[in-house]
Amino acid sequence: MTHLGNPGASGNSVYATSQEGLKASGVLKTARPDRPQQDGSSPERRPANGRSAAGVLGNGWVRLLLGLLLPAAVLAAWQWSTSAGLFSSVQLPAPGAVIEAALDLIQRGELAQHVAISTQRVLLGFAFGAALGLVFGALIGLSKVADVLLSPTIGALRAVPSLAWVPLLILWMKIGEDSKVTLILIGAFFPVFTTVSLALRHVDKNLVEAGRAFGLKGVKLLTTVQLPAVVPAVFSGLRLALAQAWLFLVAAELIASSMGLGFLLTDSQNNGRTDRLLLAIVLLAIIGKITDALLGVAEKWAVKRWA
């Protein structure tokens, strides 16, 4: 363990109870590109032409274009299969029919409402579920008593299928937004809870001891030392929770919903509108990817800021 000296001494007092003090002591070290790695290997260096060792894959636009290759191939195969008559229009409408269904809903002013209400439900459920997952994950990850008391029950609840909650939520909260948001909350809670609790159990004990030596304890120790040490794991849980929230949306909108992409999905199935059904699937995929990308931007900022 790095020698910290006496945190109460005059030479170190300006750093007491601060993250800067831990960095100055050498416990929390910032990455230096010109220093060798711990295993003795040299860090990755950029060649003289300014490009990274990854070459063209390091370019964001190139990565975007390459990422669009597979969707473009799927779209071309979809168009070819419908043109060749491999599927009937009921089984698999052509991409043009799906676009026409979207334009029809836009003209009626319904599509924007479906997208807006579903996005609102997902964001609310995700926000509350992630917050609770962070709180309970931190509690169980830091307290052995809480782990013994709460882990078996939460683990059992995690195994309950999403649709099993629907009749109970209707009974408790009636038919309304509260029951839908609560179901999405349940879906978002468990990924954050699991990743945070497991990550906090494996935080370097030297970091924790150093923080305590500088007078940090309780919430201050958690926010200054322990959470920054697990930022990548926290965001991994958040991204899983966001994906889970979109998955639970369809189940949530089965609760006597009259708006939303989940409602559009089930209503299209009941009415034999495969074009609208595929439209709902495509929109769920696109919006889910956009929200995940936004969370990825936040993750990069948080890693640079705290990790």
# chains A, B, ... in the order shown; residues from 1 in each chain; ligands from 1
>>> residues_around(residues="region 239-245 of chain A", least_positions_apart="5", cutoff="9 Å", atoms="only C-alpha atoms", output="PyMOL selection string")
chain A and resi 122-123+125-126+129-130+183-192+234+288-289+291-292+295-296
>>> write_last_selection(atoms="N, CA, C and O atoms", output="mmCIF file, in the first residue's frame")
data_model
loop_
_atom_site.group_PDB
_atom_site.id
_atom_site.type_symbol
_atom_site.label_atom_id
_atom_site.label_comp_id
_atom_site.auth_asym_id
_atom_site.auth_seq_id
_atom_site.Cartn_x
_atom_site.Cartn_y
_atom_site.Cartn_z
ATOM 1 N N VAL A 122 -40.789 5.130 -20.410
ATOM 2 C CA VAL A 122 -39.497 4.457 -20.250
ATOM 3 C C VAL A 122 -38.539 5.310 -19.426
ATOM 4 O O VAL A 122 -37.869 4.818 -18.511
ATOM 5 N N LEU A 123 -38.468 6.600 -19.733
ATOM 6 C CA LEU A 123 -37.528 7.465 -19.026
ATOM 7 C C LEU A 123 -37.887 7.604 -17.550
ATOM 8 O O LEU A 123 -37.009 7.602 -16.679
ATOM 9 N N GLY A 125 -39.684 5.395 -15.676
ATOM 10 C CA GLY A 125 -39.425 4.118 -15.017
ATOM 11 C C GLY A 125 -37.942 3.846 -14.877
ATOM 12 O O GLY A 125 -37.492 3.345 -13.842
ATOM 13 N N PHE A 126 -37.174 4.188 -15.912
ATOM 14 C CA PHE A 126 -35.727 3.983 -15.858
ATOM 15 C C PHE A 126 -35.090 4.858 -14.786
ATOM 16 O O PHE A 126 -34.218 4.392 -14.034
ATOM 17 N N GLY A 129 -36.145 3.492 -11.297
ATOM 18 C CA GLY A 129 -35.577 2.165 -11.086
ATOM 19 C C GLY A 129 -34.070 2.203 -10.925
ATOM 20 O O GLY A 129 -33.516 1.507 -10.071
ATOM 21 N N ALA A 130 -33.390 3.033 -11.734
ATOM 22 C CA ALA A 130 -31.935 3.139 -11.621
ATOM 23 C C ALA A 130 -31.532 3.759 -10.293
ATOM 24 O O ALA A 130 -30.548 3.342 -9.672
ATOM 25 N N LEU A 183 -44.054 -0.915 -13.447
ATOM 26 C CA LEU A 183 -43.561 -2.144 -14.069
ATOM 27 C C LEU A 183 -42.224 -1.902 -14.760
ATOM 28 O O LEU A 183 -41.298 -2.724 -14.655
ATOM 29 N N ILE A 184 -42.087 -0.775 -15.449
ATOM 30 C CA ILE A 184 -40.810 -0.435 -16.081
ATOM 31 C C ILE A 184 -39.744 -0.200 -15.021
ATOM 32 O O ILE A 184 -38.572 -0.568 -15.197
ATOM 33 N N LEU A 185 -40.133 0.407 -13.907
ATOM 34 C CA LEU A 185 -39.212 0.617 -12.777
ATOM 35 C C LEU A 185 -38.649 -0.717 -12.293
ATOM 36 O O LEU A 185 -37.446 -0.840 -12.035
ATOM 37 N N ILE A 186 -39.518 -1.708 -12.178
ATOM 38 C CA ILE A 186 -39.076 -3.029 -11.721
ATOM 39 C C ILE A 186 -38.044 -3.603 -12.687
ATOM 40 O O ILE A 186 -37.016 -4.174 -12.285
ATOM 41 N N GLY A 187 -38.296 -3.440 -13.977
ATOM 42 C CA GLY A 187 -37.356 -3.958 -14.964
ATOM 43 C C GLY A 187 -36.014 -3.261 -14.928
ATOM 44 O O GLY A 187 -34.973 -3.891 -15.151
ATOM 45 N N ALA A 188 -36.007 -1.946 -14.650
ATOM 46 C CA ALA A 188 -34.761 -1.188 -14.638
ATOM 47 C C ALA A 188 -33.986 -1.353 -13.339
ATOM 48 O O ALA A 188 -32.773 -1.110 -13.305
ATOM 49 N N PHE A 189 -34.656 -1.757 -12.284
ATOM 50 C CA PHE A 189 -34.024 -1.825 -10.969
ATOM 51 C C PHE A 189 -32.931 -2.893 -10.899
ATOM 52 O O PHE A 189 -31.812 -2.638 -10.439
ATOM 53 N N PHE A 190 -33.228 -4.098 -11.356
ATOM 54 C CA PHE A 190 -32.358 -5.235 -11.081
ATOM 55 C C PHE A 190 -30.999 -5.168 -11.763
ATOM 56 O O PHE A 190 -29.987 -5.530 -11.137
ATOM 57 N N PRO A 191 -30.886 -4.736 -13.028
ATOM 58 C CA PRO A 191 -29.527 -4.652 -13.607
ATOM 59 C C PRO A 191 -28.615 -3.684 -12.857
ATOM 60 O O PRO A 191 -27.435 -3.981 -12.632
ATOM 61 N N VAL A 192 -29.147 -2.525 -12.464
ATOM 62 C CA VAL A 192 -28.332 -1.553 -11.732
ATOM 63 C C VAL A 192 -27.974 -2.100 -10.359
ATOM 64 O O VAL A 192 -26.816 -2.017 -9.916
ATOM 65 N N VAL A 234 -21.031 0.855 -13.049
ATOM 66 C CA VAL A 234 -22.320 1.522 -12.846
ATOM 67 C C VAL A 234 -22.979 1.792 -14.186
ATOM 68 O O VAL A 234 -24.186 1.543 -14.379
ATOM 69 N N GLY A 288 -34.611 2.882 -29.012
ATOM 70 C CA GLY A 288 -33.796 2.230 -27.994
ATOM 71 C C GLY A 288 -32.313 2.439 -28.246
ATOM 72 O O GLY A 288 -31.541 2.693 -27.311
ATOM 73 N N LYS A 289 -31.897 2.369 -29.502
ATOM 74 C CA LYS A 289 -30.491 2.586 -29.837
ATOM 75 C C LYS A 289 -30.087 4.039 -29.603
ATOM 76 O O LYS A 289 -28.978 4.317 -29.120
ATOM 77 N N THR A 291 -31.364 6.192 -27.375
ATOM 78 C CA THR A 291 -31.231 6.430 -25.932
ATOM 79 C C THR A 291 -29.980 5.747 -25.377
ATOM 80 O O THR A 291 -29.311 6.298 -24.501
ATOM 81 N N ASP A 292 -29.648 4.566 -25.894
ATOM 82 C CA ASP A 292 -28.428 3.891 -25.450
ATOM 83 C C ASP A 292 -27.197 4.686 -25.873
ATOM 84 O O ASP A 292 -26.228 4.785 -25.109
ATOM 85 N N LEU A 295 -26.737 7.582 -23.546
ATOM 86 C CA LEU A 295 -26.176 7.121 -22.282
ATOM 87 C C LEU A 295 -24.699 6.777 -22.442
ATOM 88 O O LEU A 295 -23.902 6.966 -21.513
ATOM 89 N N GLY A 296 -24.310 6.305 -23.633
ATOM 90 C CA GLY A 296 -22.908 6.044 -23.887
ATOM 91 C C GLY A 296 -22.071 7.312 -23.876
ATOM 92 O O GLY A 296 -20.928 7.310 -23.401
#
>>> residues_around(residues="Pro167 (chain A)", least_positions_apart="3", cutoff="12 Å", atoms="only C-alpha atoms", output="list in words")
Ser162, Leu163, Ala164, Ile170, Leu171, Trp172, Met173, Lys174, Ile175, Ser179, Lys180, Leu183, Ala251, Ala252, Leu254, Ile255 and Ala256 of chain A
>>> write_last_selection(atoms="N, CA and C atoms", output="mmCIF file, in the first residue's frame")
data_model
loop_
_atom_site.group_PDB
_atom_site.id
_atom_site.type_symbol
_atom_site.label_atom_id
_atom_site.label_comp_id
_atom_site.auth_asym_id
_atom_site.auth_seq_id
_atom_site.Cartn_x
_atom_site.Cartn_y
_atom_site.Cartn_z
ATOM 1 N N SER A 162 -41.827 -10.638 -16.005
ATOM 2 C CA SER A 162 -42.442 -9.306 -16.042
ATOM 3 C C SER A 162 -43.959 -9.374 -16.103
ATOM 4 N N LEU A 163 -44.505 -10.290 -16.894
ATOM 5 C CA LEU A 163 -45.965 -10.363 -17.034
ATOM 6 C C LEU A 163 -46.644 -10.801 -15.739
ATOM 7 N N ALA A 164 -45.899 -11.464 -14.848
ATOM 8 C CA ALA A 164 -46.499 -11.896 -13.587
ATOM 9 C C ALA A 164 -46.859 -10.713 -12.696
ATOM 10 N N ILE A 170 -52.259 -3.973 -11.490
ATOM 11 C CA ILE A 170 -53.610 -3.496 -11.795
ATOM 12 C C ILE A 170 -54.460 -3.496 -10.533
ATOM 13 N N LEU A 171 -54.316 -4.540 -9.717
ATOM 14 C CA LEU A 171 -55.085 -4.635 -8.484
ATOM 15 C C LEU A 171 -54.704 -3.540 -7.502
ATOM 16 N N TRP A 172 -53.419 -3.238 -7.415
ATOM 17 C CA TRP A 172 -52.939 -2.255 -6.449
ATOM 18 C C TRP A 172 -53.101 -0.813 -6.930
ATOM 19 N N MET A 173 -52.768 -0.564 -8.184
ATOM 20 C CA MET A 173 -52.687 0.812 -8.680
ATOM 21 C C MET A 173 -53.750 1.164 -9.715
ATOM 22 N N LYS A 174 -54.638 0.221 -10.001
ATOM 23 C CA LYS A 174 -55.670 0.419 -11.000
ATOM 24 C C LYS A 174 -55.032 0.615 -12.379
ATOM 25 N N ILE A 175 -55.869 0.970 -13.343
ATOM 26 C CA ILE A 175 -55.392 1.165 -14.705
ATOM 27 C C ILE A 175 -54.999 2.627 -14.872
ATOM 28 N N SER A 179 -49.199 2.309 -12.731
ATOM 29 C CA SER A 179 -48.928 0.878 -12.860
ATOM 30 C C SER A 179 -47.942 0.600 -13.990
ATOM 31 N N LYS A 180 -48.045 1.359 -15.075
ATOM 32 C CA LYS A 180 -47.134 1.141 -16.208
ATOM 33 C C LYS A 180 -45.715 1.557 -15.848
ATOM 34 N N LEU A 183 -44.054 -0.915 -13.447
ATOM 35 C CA LEU A 183 -43.561 -2.144 -14.069
ATOM 36 C C LEU A 183 -42.224 -1.902 -14.760
ATOM 37 N N ALA A 251 -44.774 -5.013 -22.070
ATOM 38 C CA ALA A 251 -45.603 -5.618 -21.026
ATOM 39 C C ALA A 251 -46.391 -4.555 -20.268
ATOM 40 N N ALA A 252 -45.759 -3.399 -20.030
ATOM 41 C CA ALA A 252 -46.441 -2.325 -19.305
ATOM 42 C C ALA A 252 -47.633 -1.798 -20.089
ATOM 43 N N LEU A 254 -49.483 -3.377 -22.028
ATOM 44 C CA LEU A 254 -50.580 -4.337 -22.081
ATOM 45 C C LEU A 254 -51.645 -4.020 -21.040
ATOM 46 N N ILE A 255 -51.308 -3.152 -20.079
ATOM 47 C CA ILE A 255 -52.239 -2.825 -18.995
ATOM 48 C C ILE A 255 -53.262 -1.811 -19.519
ATOM 49 N N ALA A 256 -54.192 -2.281 -20.337
ATOM 50 C CA ALA A 256 -55.297 -1.465 -20.836
ATOM 51 C C ALA A 256 -54.822 -0.116 -21.346
#
>>> residues_around(residues="region 263-274 of chain A", least_positions_apart="3", cutoff="8 Å", atoms="only C-alpha atoms", output="VMD selection string")
chain A and resid 90 to 93 114 250 253 to 254 257 to 260 277 to 278 280 to 281
>>> atom_distance(atom1="CA of Thr194 (chain A)", atom2="CA of Val219 (chain A)")
19.9 Å
>>> decode(residues="region 236-271 of chain A", atoms="N, CA and C atoms", output="tab-separated table (two decimals), in the first residue's frame")
chain	number	residue	atom	x	y	z
A	236	SER	N	-22.41	0.27	-17.00
A	236	SER	CA	-22.80	-0.99	-17.61
A	236	SER	C	-24.18	-1.41	-17.11
A	237	GLY	N	-24.39	-1.27	-15.80
A	237	GLY	CA	-25.70	-1.57	-15.24
A	237	GLY	C	-26.78	-0.64	-15.76
A	238	LEU	N	-26.45	0.64	-15.92
A	238	LEU	CA	-27.43	1.60	-16.43
A	238	LEU	C	-27.84	1.28	-17.86
A	239	ARG	N	-26.88	0.89	-18.68
A	239	ARG	CA	-27.22	0.57	-20.06
A	239	ARG	C	-28.04	-0.71	-20.15
A	240	LEU	N	-27.73	-1.68	-19.32
A	240	LEU	CA	-28.56	-2.88	-19.26
A	240	LEU	C	-29.96	-2.55	-18.75
A	241	ALA	N	-30.02	-1.65	-17.77
A	241	ALA	CA	-31.33	-1.25	-17.23
A	241	ALA	C	-32.16	-0.52	-18.26
A	242	LEU	N	-31.53	0.32	-19.07
A	242	LEU	CA	-32.27	1.04	-20.10
A	242	LEU	C	-32.83	0.07	-21.14
A	243	ALA	N	-32.02	-0.91	-21.54
A	243	ALA	CA	-32.52	-1.92	-22.48
A	243	ALA	C	-33.66	-2.72	-21.86
A	244	GLN	N	-33.53	-3.04	-20.58
A	244	GLN	CA	-34.58	-3.78	-19.89
A	244	GLN	C	-35.85	-2.94	-19.78
A	245	ALA	N	-35.70	-1.63	-19.61
A	245	ALA	CA	-36.87	-0.75	-19.52
A	245	ALA	C	-37.66	-0.77	-20.83
A	246	TRP	N	-36.97	-0.77	-21.96
A	246	TRP	CA	-37.69	-0.85	-23.25
A	246	TRP	C	-38.35	-2.22	-23.41
A	247	LEU	N	-37.71	-3.27	-22.90
A	247	LEU	CA	-38.33	-4.59	-22.97
A	247	LEU	C	-39.61	-4.65	-22.14
A	248	PHE	N	-39.57	-4.05	-20.96
A	248	PHE	CA	-40.73	-4.07	-20.07
A	248	PHE	C	-41.82	-3.12	-20.55
A	249	LEU	N	-41.49	-2.22	-21.47
A	249	LEU	CA	-42.50	-1.28	-21.96
A	249	LEU	C	-43.67	-1.99	-22.60
A	250	VAL	N	-43.38	-3.00	-23.42
A	250	VAL	CA	-44.45	-3.71	-24.11
A	250	VAL	C	-45.37	-4.38	-23.09
A	251	ALA	N	-44.77	-5.01	-22.07
A	251	ALA	CA	-45.60	-5.62	-21.03
A	251	ALA	C	-46.39	-4.56	-20.27
A	252	ALA	N	-45.76	-3.40	-20.03
A	252	ALA	CA	-46.44	-2.32	-19.30
A	252	ALA	C	-47.63	-1.80	-20.09
A	253	GLU	N	-47.49	-1.70	-21.40
A	253	GLU	CA	-48.58	-1.14	-22.20
A	253	GLU	C	-49.64	-2.17	-22.55
A	254	LEU	N	-49.48	-3.38	-22.03
A	254	LEU	CA	-50.58	-4.34	-22.08
A	254	LEU	C	-51.65	-4.02	-21.04
A	255	ILE	N	-51.31	-3.15	-20.08
A	255	ILE	CA	-52.24	-2.82	-19.00
A	255	ILE	C	-53.26	-1.81	-19.52
A	256	ALA	N	-54.19	-2.28	-20.34
A	256	ALA	CA	-55.30	-1.47	-20.84
A	256	ALA	C	-54.82	-0.12	-21.35
A	257	SER	N	-53.76	-0.12	-22.14
A	257	SER	CA	-53.23	1.13	-22.68
A	257	SER	C	-53.90	1.46	-23.99
A	258	SER	N	-54.06	2.74	-24.27
A	258	SER	CA	-54.65	3.19	-25.54
A	258	SER	C	-53.66	3.98	-26.37
A	259	MET	N	-52.43	4.16	-25.87
A	259	MET	CA	-51.40	4.88	-26.59
A	259	MET	C	-50.05	4.23	-26.30
A	260	GLY	N	-49.10	4.48	-27.18
A	260	GLY	CA	-47.76	3.97	-26.98
A	260	GLY	C	-47.38	2.94	-28.03
A	261	LEU	N	-46.09	2.71	-28.16
A	261	LEU	CA	-45.61	1.77	-29.17
A	261	LEU	C	-45.98	0.33	-28.81
A	262	GLY	N	-46.03	0.01	-27.53
A	262	GLY	CA	-46.47	-1.32	-27.13
A	262	GLY	C	-47.92	-1.55	-27.49
A	263	PHE	N	-48.75	-0.52	-27.29
A	263	PHE	CA	-50.15	-0.62	-27.71
A	263	PHE	C	-50.26	-0.76	-29.21
A	264	LEU	N	-49.47	0.03	-29.96
A	264	LEU	CA	-49.48	-0.07	-31.43
A	264	LEU	C	-49.10	-1.47	-31.88
A	265	LEU	N	-48.16	-2.08	-31.18
A	265	LEU	CA	-47.71	-3.42	-31.51
A	265	LEU	C	-48.83	-4.44	-31.34
A	266	THR	N	-49.45	-4.44	-30.18
A	266	THR	CA	-50.50	-5.43	-29.91
A	266	THR	C	-51.78	-5.13	-30.69
A	267	ASP	N	-52.10	-3.85	-30.85
A	267	ASP	CA	-53.30	-3.49	-31.63
A	267	ASP	C	-53.13	-3.89	-33.09
A	268	SER	N	-51.94	-3.72	-33.64
A	268	SER	CA	-51.68	-4.11	-35.02
A	268	SER	C	-51.79	-5.63	-35.18
A	269	GLN	N	-51.34	-6.36	-34.18
A	269	GLN	CA	-51.46	-7.82	-34.24
A	269	GLN	C	-52.92	-8.24	-34.24
A	270	ASN	N	-53.72	-7.61	-33.38
A	270	ASN	CA	-55.14	-7.98	-33.28
A	270	ASN	C	-55.90	-7.64	-34.55
A	271	ASN	N	-55.47	-6.59	-35.26
A	271	ASN	CA	-56.19	-6.15	-36.46
A	271	ASN	C	-55.54	-6.64	-37.75
